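Comments concern the structure below.
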Amino acid sequence: MNKTVDIIQGAEACAKGAIKAGLSFFAGYPITPSTEIAEMLSVLLTKEKKVFMQMEDEIASIVSIVGASLAGAKAMTATSGPGFSLMQEGIGYACMTEAPIVICNVMRGGPSTGDPTKGSQGDVMQARWGTHGDHAMIVLCPDSVEEMYYQTINAFNLAEKYRNPVILLTDETITHMREKVTIDFDQPVTLVERKRPVITTDKPYLPYGTFDDEVSIIGNLGDGYGTSITGMTHKEDGFQSPIPKIGEPLIKRLSRKIEKHADELFEIEQINPTAKTLIITYGATSRTAKSIIHHGRDDIGLIRLKTLFPLSDETLIQATKNADRIIVAEMNLGQIYLETKRALACTSKPIELLSKVGGALITPNEMLQYIEGVK
Amino acid sequence: MKGEKFINPSRIPSIWCPGCGNGIILHSVLTAVEELNYSKEDIIFVSGIGCSSRSSTYTVFDNIHTLHGRAIPIATAVKLVRPEKKVIVMTGDGDSLAIGGNHIIHAARRNIDLTVIIFNNSIYGMTGGQFSPLTPSGKRATTSQFGNIENQFDAMKLLKGAGATYLARIGTYFFTQMTKYIKTALQHDGFGVVEAITQCPVYYGRLNKMATPSDMLLWQKDNLVFKDRISQEKQEGMDEKLLIGEFANENTPSYLQKRKALLERI
């Protein structure tokens, strides 16, 4: 193995991971702090004779990647807060049409224009529930430049496997940071490709009526299957239907095809699993917790969420069983805190929130002082 | 009937009201496709939301019924991924020029190789008759009961300014000419738009003293004037919206042609 040691930026790791995963169509709109991803891909994709599009806004960006995906491309966009808000309708369209797409949302201060140049973790619940209607979402959250590379590849694989949008939820810190990585960019990685329909003469082709573990097997637009796609509630042949007995199983299946795999999709990193005091965190904030632990506080445990959604209650219950004090640390007013309380409600364990908003990271000192009860 | 082989019979009858002109436009598009000897595999139909946009779902082509206003950026992507296909956008006046207005001007600016058919019924039909950006000033709609005080877009002027390289306006009364324009648009390299004026007797005509389909078609006969058949002087004195014909047919490099040149260069 020929691992390369290098210093690269999070955005570059994302762009290189996307290329490695087989990205063939990127569309985006300039926005801080995600623009570097688009800039890099504009060069890499064009050199590979693949498609880079700078669209007129984020609405056009998201819907064009859905169109590209349904025509057979591996497609992605990258954006931040205000752009992510504009994309929500298109994300719902991708859920309903079962379009595999990857959205990298680089979190910055919000609400509204907020603070474009500072980090935040304020978009967690928007990533899960931003689009209207019941739906499932896969949300991944890297905490290092190196993991950004691998999680980007993973995002494409999960999108193809489950035919659903996958959100790579990162933040300004991880995306702009340059740090050491040890990656062999030439090493082959496992890639997942969507299934293609097998057409037989004895039964009609049904794009939303043939499944692999409840994931529709849909012919790409342009392959000539006669694929018919709509964002409306639809029958097996892809034609819209207002009949509740068609709508209900469809909506339930779209959620179930993801949620039933929560235990395998929900990944965590654990440090000091026997510790009594436990920090649950993710993304940039987990680096603060790791810093404390690595500087001699082996009495503190860490659960770092690599996947935010779907969240496996069972995994979280098992991973917290040794703790008698649980602190959720995050750069928002308690979005994963409330989710943790919900997941651990049956354990009756006390759960605290260490929250910071406004753009600055939670420092190791602040985290330590909170744990020690220093005011 | 010409074009009939491209209709998916399992999806008929359509949702369109009796007397609606949308079927005439769909028939014209399918006739053009047949007369140009395209097979069903050559075409991808993309549509937005609204009465017009249901048209794509009634065909046997690979088709995608998208979001309100978003057919054009989705079609742009489909064309870039499948450049060998003819990608046809079926859209309405509200879909393409209100909620989708930003997308259509940028698609025109790019001169992306798409054929866009704008079904202009001067109203939001699907939602029951609200005024659109193409509802003429003074006309009644459910949200302009006392007469529309907003000005209307002239889609031809707007898109010409934005850079579209093939532009034509025609009405459902002129079926043969409509088919001819659609055929020209389909063979055009670049962004081609045919604005097809169509009758909505139920939601537009009834509120504007044209309650029957024939009233509305006769209005087209009497009021739509081929721009090439009258002098420039007379045209200037006329309401532009009443002029029909070809408003642009330019042979400038399309987006795909420029992209091909770029990929060869680097």
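Chain lettering (A, B, ...) mirrors the order of the structure tokens, residue numbering begins at 1 for each chain separately, and ligand numbering begins at 1 in order of display.
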
Give me the residues near Ser53 of chain B as a list in words, where near means some atom within 10 Å (using only C-alpha atoms) and where sequence neighbours in that chain fewer than 3 positions away do not count.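 Those residues are Asn22, Phe45, Val46, Ser47, Gly48, Ile49, Gly50, Ser56, Thr57, Tyr58, Ile64, His65, Thr66, Leu67, His68, Ala71, Val89, Met90, Thr91, Gly92, Asp95, Ile118 and Phe119 of chain B.
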
Go ahead and save the residues from that selection, with C-alpha atoms, as a PDB file, in the first residue's frame.
```pdb
ATOM      1  CA  ASN B  22     -53.704  21.582 -24.416  1.00  0.00           C
ATOM      2  CA  PHE B  45     -40.136  14.653 -22.104  1.00  0.00           C
ATOM      3  CA  VAL B  46     -39.693  16.983 -19.137  1.00  0.00           C
ATOM      4  CA  SER B  47     -42.513  19.018 -17.634  1.00  0.00           C
ATOM      5  CA  GLY B  48     -43.161  21.234 -14.635  1.00  0.00           C
ATOM      6  CA  ILE B  49     -46.415  21.580 -12.711  1.00  0.00           C
ATOM      7  CA  GLY B  50     -49.751  22.762 -14.006  1.00  0.00           C
ATOM      8  CA  SER B  56     -45.568  14.561 -20.575  1.00  0.00           C
ATOM      9  CA  THR B  57     -47.175  11.867 -18.428  1.00  0.00           C
ATOM     10  CA  TYR B  58     -49.572  10.845 -21.196  1.00  0.00           C
ATOM     11  CA  ILE B  64     -40.324  13.276 -15.911  1.00  0.00           C
ATOM     12  CA  HIS B  65     -43.013  15.437 -14.331  1.00  0.00           C
ATOM     13  CA  THR B  66     -41.007  17.702 -12.072  1.00  0.00           C
ATOM     14  CA  LEU B  67     -41.601  20.572  -9.641  1.00  0.00           C
ATOM     15  CA  HIS B  68     -43.422  23.831 -10.272  1.00  0.00           C
ATOM     16  CA  ALA B  71     -38.592  21.727 -15.565  1.00  0.00           C
ATOM     17  CA  VAL B  89     -39.852  20.716 -22.053  1.00  0.00           C
ATOM     18  CA  MET B  90     -43.623  21.026 -21.732  1.00  0.00           C
ATOM     19  CA  THR B  91     -44.463  23.997 -19.548  1.00  0.00           C
ATOM     20  CA  GLY B  92     -47.081  26.646 -18.913  1.00  0.00           C
ATOM     21  CA  ASP B  95     -44.619  27.537 -14.695  1.00  0.00           C
ATOM     22  CA  ILE B 118     -44.859  27.125 -23.486  1.00  0.00           C
ATOM     23  CA  PHE B 119     -48.594  26.408 -23.258  1.00  0.00           C
TER      24      PHE B 119
END
```

At most 7 Å is the cut-off: for each residue in chain A with any atom that close to an atom of chain B, write down the nearest atom pair and the distance in Å rounded to one decimal, counting only C-alpha atoms, chain first then increasing number, as a Markdown table.
```
| residue | atom | partner | partner_atom | distance |
| --- | --- | --- | --- | --- |
| A:Lys49 | CA | B:Leu263 | CA | 6.3 |
| A:Glu56 | CA | B:His106 | CA | 6.8 |
| A:Ala60 | CA | B:Pro73 | CA | 5.5 |
| A:Val63 | CA | B:Ile74 | CA | 5.7 |
| A:Ser64 | CA | B:Ile74 | CA | 4.5 |
| A:Ile65 | CA | B:Ala77 | CA | 6.9 |
| A:Gly67 | CA | B:Ile74 | CA | 4.7 |
| A:Ala68 | CA | B:Ala77 | CA | 5.0 |
| A:Ala71 | CA | B:Val78 | CA | 5.8 |
| A:Ala73 | CA | B:Val81 | CA | 6.8 |
| A:Leu221 | CA | B:Asp62 | CA | 5.7 |
| A:Gly222 | CA | B:Asp62 | CA | 6.5 |
| A:Gly224 | CA | B:Glu41 | CA | 5.1 |
| A:Tyr225 | CA | B:Asp62 | CA | 6.9 |
| A:Gly226 | CA | B:Asp62 | CA | 4.4 |
| A:Thr227 | CA | B:Asp62 | CA | 4.8 |
| A:Ser228 | CA | B:Asn63 | CA | 4.9 |
| A:Ile229 | CA | B:Ile64 | CA | 4.6 |
| A:Thr230 | CA | B:His65 | CA | 4.6 |
| A:Gly231 | CA | B:Thr66 | CA | 6.2 |
```

Taking only residues of segment 18-88 of chain A that have an atom at most 10 Å from an atom of segment 118-123 of chain A, what is each one's shortest atom pair and its distance in Å to one decimal, using only C-alpha atoms, in chain and number order, as JSON lines?
```
{"residue": "A:Thr32", "atom": "CA", "partner": "A:Lys118", "partner_atom": "CA", "distance": 9.5}
{"residue": "A:Pro33", "atom": "CA", "partner": "A:Lys118", "partner_atom": "CA", "distance": 8.3}
{"residue": "A:Ser80", "atom": "CA", "partner": "A:Asp123", "partner_atom": "CA", "distance": 9.3}
{"residue": "A:Gly81", "atom": "CA", "partner": "A:Asp123", "partner_atom": "CA", "distance": 7.3}
{"residue": "A:Phe84", "atom": "CA", "partner": "A:Asp123", "partner_atom": "CA", "distance": 8.9}
{"residue": "A:Ser85", "atom": "CA", "partner": "A:Asp123", "partner_atom": "CA", "distance": 9.5}
```

Those same residues - N, CA and C atoms - I'd like them written as an mmCIF file, in the first residue's frame.
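Output contents, as saved in result-v2.cif:
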```cif
data_model
loop_
_atom_site.group_PDB
_atom_site.id
_atom_site.type_symbol
_atom_site.label_atom_id
_atom_site.label_comp_id
_atom_site.auth_asym_id
_atom_site.auth_seq_id
_atom_site.Cartn_x
_atom_site.Cartn_y
_atom_site.Cartn_z
ATOM 1 N N THR A 32 -20.367 30.960 0.544
ATOM 2 C CA THR A 32 -19.410 30.716 1.622
ATOM 3 C C THR A 32 -20.112 29.916 2.713
ATOM 4 N N PRO A 33 -19.484 28.921 3.294
ATOM 5 C CA PRO A 33 -18.114 28.444 3.116
ATOM 6 C C PRO A 33 -17.987 27.135 2.320
ATOM 7 N N SER A 80 -24.409 25.926 1.576
ATOM 8 C CA SER A 80 -24.409 26.287 2.988
ATOM 9 C C SER A 80 -25.750 26.926 3.331
ATOM 10 N N GLY A 81 -25.998 27.128 4.608
ATOM 11 C CA GLY A 81 -27.260 27.599 5.175
ATOM 12 C C GLY A 81 -28.329 28.147 4.241
ATOM 13 N N PHE A 84 -28.974 25.922 1.418
ATOM 14 C CA PHE A 84 -29.584 24.669 1.868
ATOM 15 C C PHE A 84 -31.085 24.868 2.081
ATOM 16 N N SER A 85 -31.450 26.035 2.610
ATOM 17 C CA SER A 85 -32.881 26.339 2.775
ATOM 18 C C SER A 85 -33.587 26.330 1.424
#
```

**Request:** Excluding Ala168 of chain B and any residue of its chain fewer than 4 positions from it, enumerate the residues within 6 Å of it, using only C-alpha atoms, and give them as a ChimeraX atom specification.
**Result:** /B:194,245-247

Residues as selected, C-alpha atoms, written as an mmCIF file, in the first residue's frame, can you do that?
```
data_model
loop_
_atom_site.group_PDB
_atom_site.id
_atom_site.type_symbol
_atom_site.label_atom_id
_atom_site.label_comp_id
_atom_site.auth_asym_id
_atom_site.auth_seq_id
_atom_site.Cartn_x
_atom_site.Cartn_y
_atom_site.Cartn_z
ATOM 1 C CA VAL B 194 -42.428 27.851 -29.140
ATOM 2 C CA GLY B 245 -44.598 34.030 -36.269
ATOM 3 C CA GLU B 246 -40.884 33.427 -35.851
ATOM 4 C CA PHE B 247 -39.154 35.986 -33.634
#
```

List every residue of segment 121-203 of chain A that DSSP, applied to the backbone of this structure, assigns to alpha helix (DSSP H), and report them as a PDB file with C-alpha atoms, in the first residue's frame.
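Final output, saved to part04.pdb:
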```pdb
ATOM      1  CA  VAL A 124     -29.018  19.380  12.125  1.00  0.00           C
ATOM      2  CA  MET A 125     -32.798  19.285  12.282  1.00  0.00           C
ATOM      3  CA  GLN A 126     -33.107  21.033   8.931  1.00  0.00           C
ATOM      4  CA  ALA A 127     -31.017  18.254   7.417  1.00  0.00           C
ATOM      5  CA  ARG A 128     -33.399  15.707   8.901  1.00  0.00           C
ATOM      6  CA  TRP A 129     -36.728  17.476   8.468  1.00  0.00           C
ATOM      7  CA  VAL A 145     -10.327  16.159   6.714  1.00  0.00           C
ATOM      8  CA  GLU A 146      -9.429  12.513   6.229  1.00  0.00           C
ATOM      9  CA  GLU A 147     -12.874  11.353   7.237  1.00  0.00           C
ATOM     10  CA  MET A 148     -14.385  13.892   4.845  1.00  0.00           C
ATOM     11  CA  TYR A 149     -12.788  11.915   1.998  1.00  0.00           C
ATOM     12  CA  TYR A 150     -14.154   8.564   3.136  1.00  0.00           C
ATOM     13  CA  GLN A 151     -17.564   9.858   4.207  1.00  0.00           C
ATOM     14  CA  THR A 152     -18.030  11.501   0.799  1.00  0.00           C
ATOM     15  CA  ILE A 153     -17.426   8.130  -0.871  1.00  0.00           C
ATOM     16  CA  ASN A 154     -19.755   6.509   1.655  1.00  0.00           C
ATOM     17  CA  ALA A 155     -22.429   9.136   0.905  1.00  0.00           C
ATOM     18  CA  PHE A 156     -22.473   8.184  -2.786  1.00  0.00           C
ATOM     19  CA  ASN A 157     -22.604   4.483  -1.976  1.00  0.00           C
ATOM     20  CA  LEU A 158     -25.519   4.911   0.411  1.00  0.00           C
ATOM     21  CA  ALA A 159     -27.364   7.162  -2.040  1.00  0.00           C
ATOM     22  CA  GLU A 160     -27.045   4.523  -4.769  1.00  0.00           C
ATOM     23  CA  LYS A 161     -27.973   1.653  -2.456  1.00  0.00           C
ATOM     24  CA  TYR A 162     -31.041   3.244  -0.892  1.00  0.00           C
ATOM     25  CA  GLU A 172     -17.071  25.639   8.213  1.00  0.00           C
ATOM     26  CA  THR A 173     -14.284  24.369  10.486  1.00  0.00           C
ATOM     27  CA  ILE A 174     -13.910  20.877   9.007  1.00  0.00           C
ATOM     28  CA  THR A 175     -14.344  22.162   5.433  1.00  0.00           C
ATOM     29  CA  HIS A 176     -11.881  25.058   5.569  1.00  0.00           C
TER      30      HIS A 176
END
```

Extract, using only C-alpha atoms, all DNA, RNA and protein residues at most 12 Å from Tyr38 of chain B, discarding same-chain residues fewer than 6 positions from it, and format them as a PDB file with N, CA and C atoms, in the first residue's frame.
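Just written: selection.pdb:
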```
ATOM      1  N   GLY B   3     -48.909  10.889 -34.639  1.00  0.00           N
ATOM      2  CA  GLY B   3     -48.451  11.094 -33.271  1.00  0.00           C
ATOM      3  C   GLY B   3     -49.120  10.195 -32.264  1.00  0.00           C
ATOM      4  N   LYS B   5     -49.187   7.066 -31.927  1.00  0.00           N
ATOM      5  CA  LYS B   5     -48.390   5.941 -31.422  1.00  0.00           C
ATOM      6  C   LYS B   5     -47.549   6.325 -30.203  1.00  0.00           C
ATOM      7  N   PHE B   6     -47.405   7.615 -29.970  1.00  0.00           N
ATOM      8  CA  PHE B   6     -46.618   8.049 -28.812  1.00  0.00           C
ATOM      9  C   PHE B   6     -47.476   8.279 -27.565  1.00  0.00           C
ATOM     10  N   VAL B  29     -47.070  18.549 -31.064  1.00  0.00           N
ATOM     11  CA  VAL B  29     -45.702  18.123 -30.719  1.00  0.00           C
ATOM     12  C   VAL B  29     -45.479  16.683 -31.178  1.00  0.00           C
ATOM     13  N   LEU B  30     -46.439  15.814 -30.907  1.00  0.00           N
ATOM     14  CA  LEU B  30     -46.277  14.404 -31.275  1.00  0.00           C
ATOM     15  C   LEU B  30     -46.265  14.234 -32.798  1.00  0.00           C
ATOM     16  N   THR B  31     -47.050  15.065 -33.488  1.00  0.00           N
ATOM     17  CA  THR B  31     -47.041  15.039 -34.956  1.00  0.00           C
ATOM     18  C   THR B  31     -45.658  15.446 -35.472  1.00  0.00           C
ATOM     19  N   ALA B  32     -45.109  16.497 -34.882  1.00  0.00           N
ATOM     20  CA  ALA B  32     -43.772  16.958 -35.290  1.00  0.00           C
ATOM     21  C   ALA B  32     -42.737  15.863 -35.066  1.00  0.00           C
ATOM     22  N   ILE B  44     -36.837  12.573 -24.681  1.00  0.00           N
ATOM     23  CA  ILE B  44     -37.138  12.601 -23.248  1.00  0.00           C
ATOM     24  C   ILE B  44     -38.020  13.827 -23.009  1.00  0.00           C
ATOM     25  N   PHE B  61     -42.845   8.145 -24.054  1.00  0.00           N
ATOM     26  CA  PHE B  61     -41.437   8.515 -23.938  1.00  0.00           C
ATOM     27  C   PHE B  61     -40.976   8.354 -22.485  1.00  0.00           C
ATOM     28  N   LYS B  85     -30.016  12.657 -26.906  1.00  0.00           N
ATOM     29  CA  LYS B  85     -31.486  12.654 -26.922  1.00  0.00           C
ATOM     30  C   LYS B  85     -32.037  14.037 -27.242  1.00  0.00           C
ATOM     31  N   LYS B  86     -33.252  14.043 -27.795  1.00  0.00           N
ATOM     32  CA  LYS B  86     -33.994  15.297 -27.928  1.00  0.00           C
ATOM     33  C   LYS B  86     -34.742  15.496 -26.615  1.00  0.00           C
ATOM     34  N   LYS B 183     -41.316  21.657 -35.380  1.00  0.00           N
ATOM     35  CA  LYS B 183     -40.312  20.881 -36.124  1.00  0.00           C
ATOM     36  C   LYS B 183     -39.021  21.681 -36.286  1.00  0.00           C
ATOM     37  N   LEU B 186     -37.253  21.686 -32.984  1.00  0.00           N
ATOM     38  CA  LEU B 186     -36.640  20.394 -32.659  1.00  0.00           C
ATOM     39  C   LEU B 186     -35.334  20.178 -33.429  1.00  0.00           C
ATOM     40  N   GLN B 187     -35.228  20.785 -34.594  1.00  0.00           N
ATOM     41  CA  GLN B 187     -34.016  20.607 -35.405  1.00  0.00           C
ATOM     42  C   GLN B 187     -32.974  21.686 -35.123  1.00  0.00           C
TER      43      GLN B 187
END
```

As an mmCIF file with N, CA and C atoms, in the first residue's frame, which residues of segment 85-254 of chain B does DSSP assign to strand (DSSP E)?
```
data_model
loop_
_atom_site.group_PDB
_atom_site.id
_atom_site.type_symbol
_atom_site.label_atom_id
_atom_site.label_comp_id
_atom_site.auth_asym_id
_atom_site.auth_seq_id
_atom_site.Cartn_x
_atom_site.Cartn_y
_atom_site.Cartn_z
ATOM 1 N N LYS B 86 -33.252 14.043 -27.795
ATOM 2 C CA LYS B 86 -33.994 15.297 -27.928
ATOM 3 C C LYS B 86 -34.742 15.496 -26.615
ATOM 4 N N VAL B 87 -34.432 16.557 -25.909
ATOM 5 C CA VAL B 87 -35.094 16.812 -24.637
ATOM 6 C C VAL B 87 -36.106 17.937 -24.848
ATOM 7 N N ILE B 88 -37.372 17.606 -24.608
ATOM 8 C CA ILE B 88 -38.467 18.544 -24.855
ATOM 9 C C ILE B 88 -39.098 18.925 -23.519
ATOM 10 N N VAL B 89 -39.235 20.223 -23.285
ATOM 11 C CA VAL B 89 -39.852 20.716 -22.053
ATOM 12 C C VAL B 89 -41.276 21.162 -22.355
ATOM 13 N N MET B 90 -42.223 20.622 -21.614
ATOM 14 C CA MET B 90 -43.623 21.026 -21.732
ATOM 15 C C MET B 90 -43.954 21.848 -20.488
ATOM 16 N N THR B 91 -44.297 23.106 -20.697
ATOM 17 C CA THR B 91 -44.463 23.997 -19.548
ATOM 18 C C THR B 91 -45.601 24.980 -19.807
ATOM 19 N N GLY B 92 -45.997 25.685 -18.775
ATOM 20 C CA GLY B 92 -47.081 26.646 -18.913
ATOM 21 C C GLY B 92 -46.594 28.075 -18.748
ATOM 22 N N THR B 115 -35.732 22.071 -26.411
ATOM 23 C CA THR B 115 -36.915 22.584 -27.086
ATOM 24 C C THR B 115 -37.988 22.805 -26.028
ATOM 25 N N VAL B 116 -38.403 24.037 -25.866
ATOM 26 C CA VAL B 116 -39.369 24.378 -24.821
ATOM 27 C C VAL B 116 -40.692 24.782 -25.461
ATOM 28 N N ILE B 117 -41.758 24.104 -25.059
ATOM 29 C CA ILE B 117 -43.090 24.459 -25.539
ATOM 30 C C ILE B 117 -43.827 25.125 -24.381
ATOM 31 N N ILE B 118 -44.112 26.415 -24.528
ATOM 32 C CA ILE B 118 -44.859 27.125 -23.486
ATOM 33 C C ILE B 118 -46.340 27.104 -23.866
ATOM 34 N N PHE B 119 -47.146 26.403 -23.072
ATOM 35 C CA PHE B 119 -48.594 26.408 -23.258
ATOM 36 C C PHE B 119 -49.092 27.709 -22.619
ATOM 37 N N ASN B 120 -49.444 28.684 -23.439
ATOM 38 C CA ASN B 120 -49.883 29.967 -22.880
ATOM 39 C C ASN B 120 -51.408 30.043 -22.902
ATOM 40 N N ILE B 123 -53.507 32.023 -17.873
ATOM 41 C CA ILE B 123 -54.159 31.855 -16.561
ATOM 42 C C ILE B 123 -53.504 30.684 -15.828
ATOM 43 N N TYR B 124 -53.651 30.632 -14.515
ATOM 44 C CA TYR B 124 -53.314 29.419 -13.763
ATOM 45 C C TYR B 124 -54.552 28.533 -13.757
ATOM 46 N N GLN B 130 -56.267 31.900 -11.514
ATOM 47 C CA GLN B 130 -55.659 33.134 -11.021
ATOM 48 C C GLN B 130 -54.840 33.775 -12.158
ATOM 49 N N PHE B 131 -54.634 35.106 -12.093
ATOM 50 C CA PHE B 131 -53.906 35.757 -13.186
ATOM 51 C C PHE B 131 -52.432 35.338 -13.184
ATOM 52 N N TYR B 166 -33.897 30.360 -31.041
ATOM 53 C CA TYR B 166 -35.076 30.098 -31.876
ATOM 54 C C TYR B 166 -36.316 30.447 -31.075
ATOM 55 N N LEU B 167 -37.151 31.305 -31.632
ATOM 56 C CA LEU B 167 -38.353 31.754 -30.929
ATOM 57 C C LEU B 167 -39.510 31.839 -31.911
ATOM 58 N N ALA B 168 -40.638 31.254 -31.521
ATOM 59 C CA ALA B 168 -41.837 31.388 -32.343
ATOM 60 C C ALA B 168 -43.059 31.451 -31.439
ATOM 61 N N ARG B 169 -44.064 32.219 -31.891
ATOM 62 C CA ARG B 169 -45.349 32.279 -31.175
ATOM 63 C C ARG B 169 -46.449 31.915 -32.162
ATOM 64 N N ILE B 170 -47.385 31.132 -31.691
ATOM 65 C CA ILE B 170 -48.466 30.678 -32.555
ATOM 66 C C ILE B 170 -49.653 30.319 -31.648
ATOM 67 N N GLY B 171 -50.814 30.107 -32.235
ATOM 68 C CA GLY B 171 -51.987 29.729 -31.436
ATOM 69 C C GLY B 171 -52.540 28.388 -31.872
ATOM 70 N N GLY B 192 -34.485 26.662 -28.058
ATOM 71 C CA GLY B 192 -35.614 26.977 -28.912
ATOM 72 C C GLY B 192 -36.912 26.966 -28.134
ATOM 73 N N VAL B 193 -37.721 27.993 -28.330
ATOM 74 C CA VAL B 193 -38.983 28.113 -27.602
ATOM 75 C C VAL B 193 -40.122 28.345 -28.584
ATOM 76 N N VAL B 194 -41.191 27.572 -28.418
ATOM 77 C CA VAL B 194 -42.428 27.851 -29.140
ATOM 78 C C VAL B 194 -43.487 28.204 -28.100
ATOM 79 N N GLU B 195 -43.977 29.434 -28.160
ATOM 80 C CA GLU B 195 -45.068 29.856 -27.279
ATOM 81 C C GLU B 195 -46.371 29.540 -28.001
ATOM 82 N N ALA B 196 -47.139 28.620 -27.443
ATOM 83 C CA ALA B 196 -48.378 28.181 -28.078
ATOM 84 C C ALA B 196 -49.565 28.744 -27.294
ATOM 85 N N ILE B 197 -50.241 29.703 -27.903
ATOM 86 C CA ILE B 197 -51.404 30.300 -27.238
ATOM 87 C C ILE B 197 -52.552 29.298 -27.305
ATOM 88 N N VAL B 225 -52.008 37.925 -35.520
ATOM 89 C CA VAL B 225 -51.616 38.377 -36.858
ATOM 90 C C VAL B 225 -50.178 37.951 -37.133
ATOM 91 N N PHE B 226 -49.975 37.270 -38.266
ATOM 92 C CA PHE B 226 -48.606 36.880 -38.628
ATOM 93 C C PHE B 226 -47.774 38.132 -38.867
ATOM 94 N N LEU B 243 -48.952 39.605 -32.190
ATOM 95 C CA LEU B 243 -48.143 39.168 -33.324
ATOM 96 C C LEU B 243 -47.728 37.711 -33.148
ATOM 97 N N ILE B 244 -47.861 36.955 -34.223
ATOM 98 C CA ILE B 244 -47.388 35.575 -34.207
ATOM 99 C C ILE B 244 -46.378 35.387 -35.340
ATOM 100 N N GLY B 245 -45.625 34.283 -35.259
ATOM 101 C CA GLY B 245 -44.598 34.030 -36.269
ATOM 102 C C GLY B 245 -43.283 33.684 -35.604
ATOM 103 N N GLU B 246 -42.212 33.713 -36.387
ATOM 104 C CA GLU B 246 -40.884 33.427 -35.851
ATOM 105 C C GLU B 246 -40.220 34.726 -35.412
ATOM 106 N N PHE B 247 -39.751 34.774 -34.190
ATOM 107 C CA PHE B 247 -39.154 35.986 -33.634
ATOM 108 C C PHE B 247 -37.630 35.891 -33.557
ATOM 109 N N ALA B 248 -37.102 34.694 -33.698
ATOM 110 C CA ALA B 248 -35.645 34.512 -33.772
ATOM 111 C C ALA B 248 -35.370 33.175 -34.424
ATOM 112 N N ASN B 249 -34.336 33.137 -35.240
ATOM 113 C CA ASN B 249 -33.856 31.866 -35.805
ATOM 114 C C ASN B 249 -32.398 32.091 -36.171
#
```

* To do: Can you pull out every residue within 8 Å of Ala155 of chain B, counting only C-alpha atoms, but drop anything in the same chain fewer than 2 positions away, and send it as number ranges by chain?
  => B: 97, 153, 157-159, 195

Kindly save the residues from that selection, with C-alpha atoms included, as an mmCIF file, in the first residue's frame.
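Contents of selection_26.cif, as written:
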```
data_model
loop_
_atom_site.group_PDB
_atom_site.id
_atom_site.type_symbol
_atom_site.label_atom_id
_atom_site.label_comp_id
_atom_site.auth_asym_id
_atom_site.auth_seq_id
_atom_site.Cartn_x
_atom_site.Cartn_y
_atom_site.Cartn_z
ATOM 1 C CA LEU B 97 -42.409 32.746 -16.639
ATOM 2 C CA PHE B 153 -44.631 39.740 -20.216
ATOM 3 C CA LYS B 157 -39.091 39.945 -26.375
ATOM 4 C CA LEU B 158 -38.038 38.699 -22.948
ATOM 5 C CA LEU B 159 -36.375 35.561 -24.292
ATOM 6 C CA GLU B 195 -45.068 29.856 -27.279
#
```

* For atom CA of Tyr205 of chain A and atom CA of Lys252 of chain A, determine how far apart the two atoms are, in Å to one decimal place. =>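 For atom CA of Tyr205 of chain A relative to atom CA of Lys252 of chain A, the distance reads 22.5 Å.
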
- Query: Near segment 353-356 of chain A, within 7 Å and counting only C-alpha atoms, which residues show up once chain neighbours fewer than 4 positions away are dropped, as a list in words?
  - Reply: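 Counting only C-alpha atoms, the residues come to Ile327, Val328, Ala329, Glu330, Met331, Asn332, Leu333, Gly334, Tyr337 and Ile362 of chain A.
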
Report task. Considering only C-alpha atoms, return as a ChimeraX atom specification whatever protein or nucleic-acid residues lie within 10 Å of Gly125 of chain B, sequence-local ones (same chain, fewer than 4 positions apart) excluded. Result -> /B:16-17,50-52,92,94,121,129-132,200-204

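Among the candidates B:Asn37, B:Ser137, B:Asn223, B:Ser214, the one nearest to Met238 of chain B when counting only C-alpha atoms is B:Asn223.
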